[in-house]
2 protein chains.
Amino acid sequence: MDCDFKLHVYSVVFSHHSDTGMSPKITGELLRQLRQAMKNCKYFSEPIQAYIVPSGDAHQSEYIAPCDCRREFICGFNGSAGTAIVTEQHAALWTDGRYFLQASQQMDNNWTLMKMGLKETPSQEDWLISILPENSKVGVDPWIIAADQWKNMSKALTSAGHSLVAVQDNLIDVVWMDRPERPSTQLRTLGLEYTGMSWQDKITALRTKMTERKVTWFVATALDEIAWLFNLRGADIEYNPVFFAYAIVGMNTIRLFVDLKRLSDPALRDHLQLDSPSKPELSIHTYPYESVYTELQAICAAHSPKDKVWICDKASCALTQVIPKAHRTPIPYTPLCLAKAVKNESEIQGMKMAHIKDAVALCELFAWLEKEIPKGTVTEMSAADKAEELRSQQKEFVGLSFPTISSVGPNGAIIHYRPLPETNRTLSMNEVYLIDSGAQYVDGTTDVTRTVHFGTPSAFEKECFTYVLKGHIAVSAAIFPNGTKGHLLDSFARAALWESGLDYLHGTGHGVGCFLNVHEGPCGISYKTFADEPLEAGMIVSDEPGYYEDGSFGIRIENVVLVVPAQPKYNYRNRGSLTFEPLTLVPIQVKMMNTEMLTQKEREWVNEYHRKCREVIGAELERQGRKEALEWLMRETQPVV
Amino acid sequence: MDCDFKLHVYSVVFSHHSDTGMSPKITGELLRQLRQAMKNCKYFSEPIQAYIVPSGDAHQSEYIAPCDCRREFICGFNGSAGTAIVTEQHAALWTDGRYFLQASQQMDNNWTLMKMGLKETPSQEDWLISILPENSKVGVDPWIIAADQWKNMSKALTSAGHSLVAVQDNLIDVVWMDRPERPSTQLRTLGLEYTGMSWQDKITALRTKMTERKVTWFVATALDEIAWLFNLRGADIEYNPVFFAYAIVGMNTIRLFVDLKRLSDPALRDHLQLDSPSKPELSIHTYPYESVYTELQAICAAHSPKDKVWICDKASCALTQVIPKAHRTPIPYTPLCLAKAVKNESEIQGMKMAHIKDAVALCELFAWLEKEIPKGTVTEMSAADKAEELRSQQKEFVGLSFPTISSVGPNGAIIHYRPLPETNRTLSMNEVYLIDSGAQYVDGTTDVTRTVHFGTPSAFEKECFTYVLKGHIAVSAAIFPNGTKGHLLDSFARAALWESGLDYLHGTGHGVGCFLNVHEGPCGISYKTFADEPLEAGMIVSDEPGYYEDGSFGIRIENVVLVVPAQPKYNYRNRGSLTFEPLTLVPIQVKMMNTEMLTQKEREWVNEYHRKCREVIGAELERQGRKEALEWLMRETQPVV
């Protein structure tokens with residue numbers, strides 16, 4: 001992915017998405033058919049010499065539905081990031097360092113693996129220019145390429161005498177016989193007790209922003225923004241409670257584009273006031289999902305020369321180009337993205353509740369693991385399953401928020417690891433265990449990583465764990481002025497590791513949705529500076545430094561933290577200060593710490609954190625009558641001195 | 001200024017440049033003449049409705065020569081940053097928060113002050129669009145607007161139906177009767193003992209980079225880059241040992257554009273091998289300064305369609321647009337800029353020597369101040385003069401590297417303060433004294449700030465000083481991986497201040513030239529992320545956190561530091577680590593420290609730093625027989641416990 005935010009997210013994300021089958025996909029016949037389609041003038045006026053297959057969907061989603069896994073279909077590689085390009089003679093796949101091994105195992109020798117980030121690897125543009133005959137046409141489905149990516153690719157090709165052309169029929173779909181249907185799951189309405197704000201008030205707030213910026217239309221294309229705006233949730237994409245839709249909001253009209261069959265439920269119709277709107281400007285007009293293009297075209301044809309349309313620059317090229325350039329106001333992230341990131345009181349309350357339930361499940365898991373591991377029967381996969389089972393016992397559990405990363409010893413050093421039958425290790429008393437997991441509850445989304453040892457960790461493991469803990473605390477306890485961007489905090493997480501010559505090659509934190517995507521913009525904590533918005537009270541991000549010793553172990557300590565006002569001694573220029581409050585309340589294993597390496601302040605932070613775990617999670621374990629977990633919690637939260 | 005690096009520099013820089021006369025300039029008649037010129041078709045085919053007067057010169061220099069102070073001439077405001085725009089009815093000046101007061105005092109009521117950074121202040125584009133009649137033409141001298149700024153302005157105006165036009169004759173020059181001549185000072189050649197690399201080798205290294213990037217021409221427009229490339233220095237701009245010139249380097253040719261009268265000196269002709277070049281491709285062809293435009297035009301007309309030309313995107317619009325767009329390869333900073341930033345052994349040696357001499361002068365100054373201040377006769381201005389006098393006694397002294405900031409009490413809180421007769425305060429035993437000063441020596445450039453108290457500082461002054469010191473140490477002692485960009489270190493300088501709710505509103509460090517500009521790119525340490533290059537061994541930057549209590553005092557502790565390899569315990573992925581070595585060796589006043597607030601490590605850093613001051617500067621003071629300063633040094637460098 002090209003866009004800054006995605007880059008950031010992908011560096012934190014661990015490619016949860018995939019069922020890695022490790023034998024290569026046989027693609028000879030498929031490629032033959034695709035190349036035939038590339039010459040078939042049914043799809044365009046002239047044959048194309050190359051066809052680009054990006055990995056996204058029409059909404060630039062991070063996780064995608066099976067029907068959108070076109071790049072995986074054509075080449076076999078199913079990692080989260082990668083672009084395939086097929087020409088008359090060649091087929092090549094670009095992916096990054098996390099996936100070199102996986103991609104080489106999943107693709108047959110029709111494919112060339114282009115290892116991004118290596119000096120000798122050409123960019124897609126340079127490669128195309130180097131192999132294409134003069135005056136070539138390169139095709140791409142304009143719905144699954146973002147406007148900004150289209151622009152860059154088109155510019156590069158044009159300057160070399162070629163052209164990038166939009167192919168309306170997706171050529172992968174043409175050759176994909178058993179392509180799954182687009183999901184259309186049941187929609188769930190969320191009441192004010194969860195959302196804290198009606199969709200009507202959200203529309204009004206959006207229109208205020210539009211007025212401020214002299215914009216008359218707003219096109220929403222990101223699925224989580226649409227779900228948030230209408231206080232609806234779906235289950236169209238695994239782990240992400242979203243549904244396929246578009247929305248176009250004008251100053252007096254609201255258009256929602258969605259599979260109309262989904263709108264029959266009376267409670268839903270009532271929620272959206274489809275049959276009896278309170279005011280005309282808050283009346284939702286529904287249209288089929290596919291008609292967004294023609295409807296936006298009609299709006300643009302009808303509107304006055306001064307009308308401006310807001311659309312995210314990550315929106316699809318197809319939809320963006322419907323809007324005449326002079327009317328387009330592309331933005332790096334939308335007002336909905338920012339509004340969604342700043343959680344209101346009800347959302348914060350919900351997130352806290354979700355994290356309490358999640359901590360209960362994890363305390364139970366660790367208590368259970370302690371008992372079971374000596375028997376030698378627990379594996380990475382069965383531990384992950386147990387975690388899911390325990391979470392599912394909690395109220396309002398909906399599903400996981402991403403596939404559990406459950407990894408033992410050397411597997412822990414593979415940052416995007418997900419246990420599979422062929423890699424599944426048994427948990428033991430001799431190796432470090434890292435579990436990064438989270439869930440969707442109706443009241444909130446969780447994401448937590450703990451690294452533990454069930455026997456006696458080595459001095460080096462403890463040393464590294466303690467550096468990571470120092471980094472975690474340095475971010476969590478940081479006090480910083482209002483208006484500070486998250487990327488300015490990233491080095492705090494690394495200072496202790498750096499001092500010893502160590503580091504980790506991913507960002508430190510990402511925004512977290514509220515019963516929405518576990519990764520969201522526009523804030524985050526990363527050395528990769530992207531168009532991040534300043535942190536403000538109510539934002540929720542993860543704090544997850546790590547250390548990975550290849551072939552040996554992985555360490556990561558992750559809490560979800562809430563941005564809250566701080567009250568330091570002074571208040572320079574009345575700017576006010578902020579800090580973080582951990583929402584995640586799961587003990588951090590003291591056994592893994594070299595407490596002598598901690599400063600007094602750091603020890604106090606650990607003790608205060610564990611005191612709060614005891615107080616809040618202890619009470620809930622008590623209430624739920626989960627005695628063994630409670631005993632485990634009390635033991636694991638004894639103060640360090 | 002618009003460009004990222006300049007933005008950064010200006011936030012660190014303290015607008016040394018100016019002779020602030022505090023009564024407004026009377027501009028009525030000048031504006032009348034300018035408006036007449038705007039209608040005079042001698043200068044263009046159609047009258048223009050607005051004229052933009054940027055503050056820079058044709059080389060986008062930070063400091064400019066008197067003949068280039070056109071914005072000051074037309075409006076009276078002489079701060080370092082600001083843009084004037086004159087229309088038929090209005091005249092407005094945009095400047096930033098550092099200059100609101102000064103600009104309002106220096107301009108008469110023909111001018112509207114546009115306070116940049118305030119929400120209600122329109123951008124230049126928005127303001128123009130709001131007041132211009134339809135279809136207006138806005139003029140600007142294409143030589144003093146950078147290509148990237150032209151692009152943004154032109155785009156905004158065009159989208160509103162206006163146009164930006166290049167006016168070849170500068171209209172300020174038309175009405176400026178007594179405009180000074182462009183300086184043409186004597187050129188100085190620098191031998192290998194200073195530069196460590198002949199200009200021939202620098203040309204060869206540049207051509208290697210050009211070959212790597214498939215570029216056939218390089219246009220050098222920044223004055224310090226040209227001075228560095230040819231191992232020459234001038235004195236055309238105060239404080240900056242540069243000379244007005246351009247250079248165009250091809251794979252087999254070198255063109256130098258400079259006032260040809262300057263090239264008569266036989267030693268200089270010999271240095272440049274003007275009369276007997278060793279090889280044809282290392283033969284310098286000299287042209288008059290003004291002919292760069294036509295010569296570049298001729299080159300572009302002659303070159304093949306595949307030829308690419310490297311030019312900095314901060315170069316003037318005039319020169320950039322000579323190059324056909326398809327041939328232009330704009331770069332945020334040039335290969336010379338990067339090569340110049342990484343100092344070689346001879347340059348490092350020279351910088352060390354310069355800093356030793358500079359420290360001698362400062363130790364003498366402080367010893368003298370201690371004696372003189374009780375008499376009540378030392379003022380900000382006389383202290384600055386004394387500092388210059390003491391520096392000028394040192395070997396190979398050339399001049400100051402910027403106007404000395406010498407400020408007492410509340411004046412210290414004005415970040416860009418420069419003492420003037422009407423503001424000049426007397427140094428006393430009761431107020432904090434801040435002196436930020438530096439010099440040009442033939443072997444190097446210095447820049448150092450010390451904050452001292454000659455009586456008893458208050459607890460609050462000590463507290464703030466100690467936070468600033470903690471920040472200074474946190475950066476100076478930081479260990480970080482190779483490849484780290486300077487902006488990732490900025491928060492280290494602020495953490496202690498932030499924890500108490502304090503901050504400072506400028507960057508933490510800028511690159512420092514070697515007998516060149518005291519501010520240079522492409523590296524720096526700032527919260528404003530700009531296109532900074534990763535830090536690497538041999539780079540030299542300043543480390544200068546501060547704290548400013550309005551109306552009361554200012555604190556800044558600045559050392560120039562060299563990036564050097566570090567050897568921590570581990571070496572993750574063989575990346576190697578870096579840290580800083582202070583080149584500045586002037587005691588940091590212990591009296592201003594609250595040593596109880598320092599950690600053991602910080603105390604050790606202070607003691608080790610002072611030990612080195614004693615060792616290195618003590619020896620030199622001894623050698624130079626400067627006894628009083630030596631006594632002062634010994635007393636001021638006693639270990640803290």
# chains A, B, ... in the order shown; residues from 1 in each chain; ligands from 1
$ select_by_dssp --residues "region 348-537 of chain A" --states "alpha helix (DSSP H)" --output "PyMOL selection string"
chain A and resi 348-372+380-392+459-476+490-499
$ interface_residues --of "chain B" --to "chain A" --cutoff "9 Å" --atoms "only C-alpha atoms" --output "PyMOL selection string"
chain B and resi 159+326+478-481+487-492+494-495+497-504+527+529+549+566-573+575-577
$ closest_residue --among "B:Ala354, B:Cys75, B:Val442, B:Leu272" --to "Tyr194 (chain B)" --atoms "only C-alpha atoms"
B:Val442
$ select_by_dssp --residues "region 248-306 of chain A" --states "strand (DSSP E)" --output "ChimeraX atom specification"
/A:248-250,254-257,284-287
$ write_last_selection --atoms "N, CA, C and O atoms" --output "tab-separated table (two decimals), in the first residue's frame"
chain	number	residue	atom	x	y	z
A	248	ILE	N	-23.59	9.35	0.53
A	248	ILE	CA	-23.32	10.71	0.02
A	248	ILE	C	-24.20	11.66	0.83
A	248	ILE	O	-25.43	11.52	0.84
A	249	VAL	N	-23.54	12.57	1.53
A	249	VAL	CA	-24.28	13.50	2.38
A	249	VAL	C	-24.20	14.89	1.74
A	249	VAL	O	-23.11	15.40	1.48
A	250	GLY	N	-25.36	15.47	1.46
A	250	GLY	CA	-25.44	16.85	1.00
A	250	GLY	C	-25.94	17.73	2.14
A	250	GLY	O	-26.15	17.24	3.26
A	254	ILE	N	-29.50	12.89	2.33
A	254	ILE	CA	-28.62	11.80	2.76
A	254	ILE	C	-28.90	10.62	1.85
A	254	ILE	O	-30.05	10.16	1.77
A	255	ARG	N	-27.89	10.13	1.17
A	255	ARG	CA	-28.07	8.95	0.31
A	255	ARG	C	-27.24	7.81	0.89
A	255	ARG	O	-26.04	7.98	1.14
A	256	LEU	N	-27.89	6.68	1.08
A	256	LEU	CA	-27.19	5.48	1.58
A	256	LEU	C	-27.28	4.40	0.52
A	256	LEU	O	-28.37	4.05	0.07
A	257	PHE	N	-26.14	3.89	0.10
A	257	PHE	CA	-26.07	2.88	-0.95
A	257	PHE	C	-25.73	1.55	-0.31
A	257	PHE	O	-24.64	1.38	0.23
A	284	ILE	N	-33.30	9.65	5.09
A	284	ILE	CA	-32.29	8.87	4.35
A	284	ILE	C	-32.92	8.28	3.10
A	284	ILE	O	-33.94	7.58	3.18
A	285	HIS	N	-32.32	8.55	1.95
A	285	HIS	CA	-32.76	7.93	0.71
A	285	HIS	C	-31.86	6.76	0.42
A	285	HIS	O	-30.64	6.91	0.39
A	286	THR	N	-32.45	5.59	0.25
A	286	THR	CA	-31.63	4.40	0.05
A	286	THR	C	-31.58	4.03	-1.42
A	286	THR	O	-32.56	4.22	-2.16
A	287	TYR	N	-30.43	3.53	-1.83
A	287	TYR	CA	-30.18	3.14	-3.22
A	287	TYR	C	-29.41	1.83	-3.21
A	287	TYR	O	-28.71	1.53	-2.25
$ closest_atom_pairs --of "region 360-427 of chain A" --to "region 89-98 of chain A" --cutoff "12 Å" --atoms "only C-alpha atoms" --output "JSON lines"
{"residue": "A:Ala413", "atom": "CA", "partner": "A:Arg98", "partner_atom": "CA", "distance": 11.4}
{"residue": "A:Ile414", "atom": "CA", "partner": "A:Arg98", "partner_atom": "CA", "distance": 8.2}
{"residue": "A:Ile415", "atom": "CA", "partner": "A:Arg98", "partner_atom": "CA", "distance": 7.8}
{"residue": "A:His416", "atom": "CA", "partner": "A:Arg98", "partner_atom": "CA", "distance": 7.2}
{"residue": "A:Tyr417", "atom": "CA", "partner": "A:Arg98", "partner_atom": "CA", "distance": 9.6}
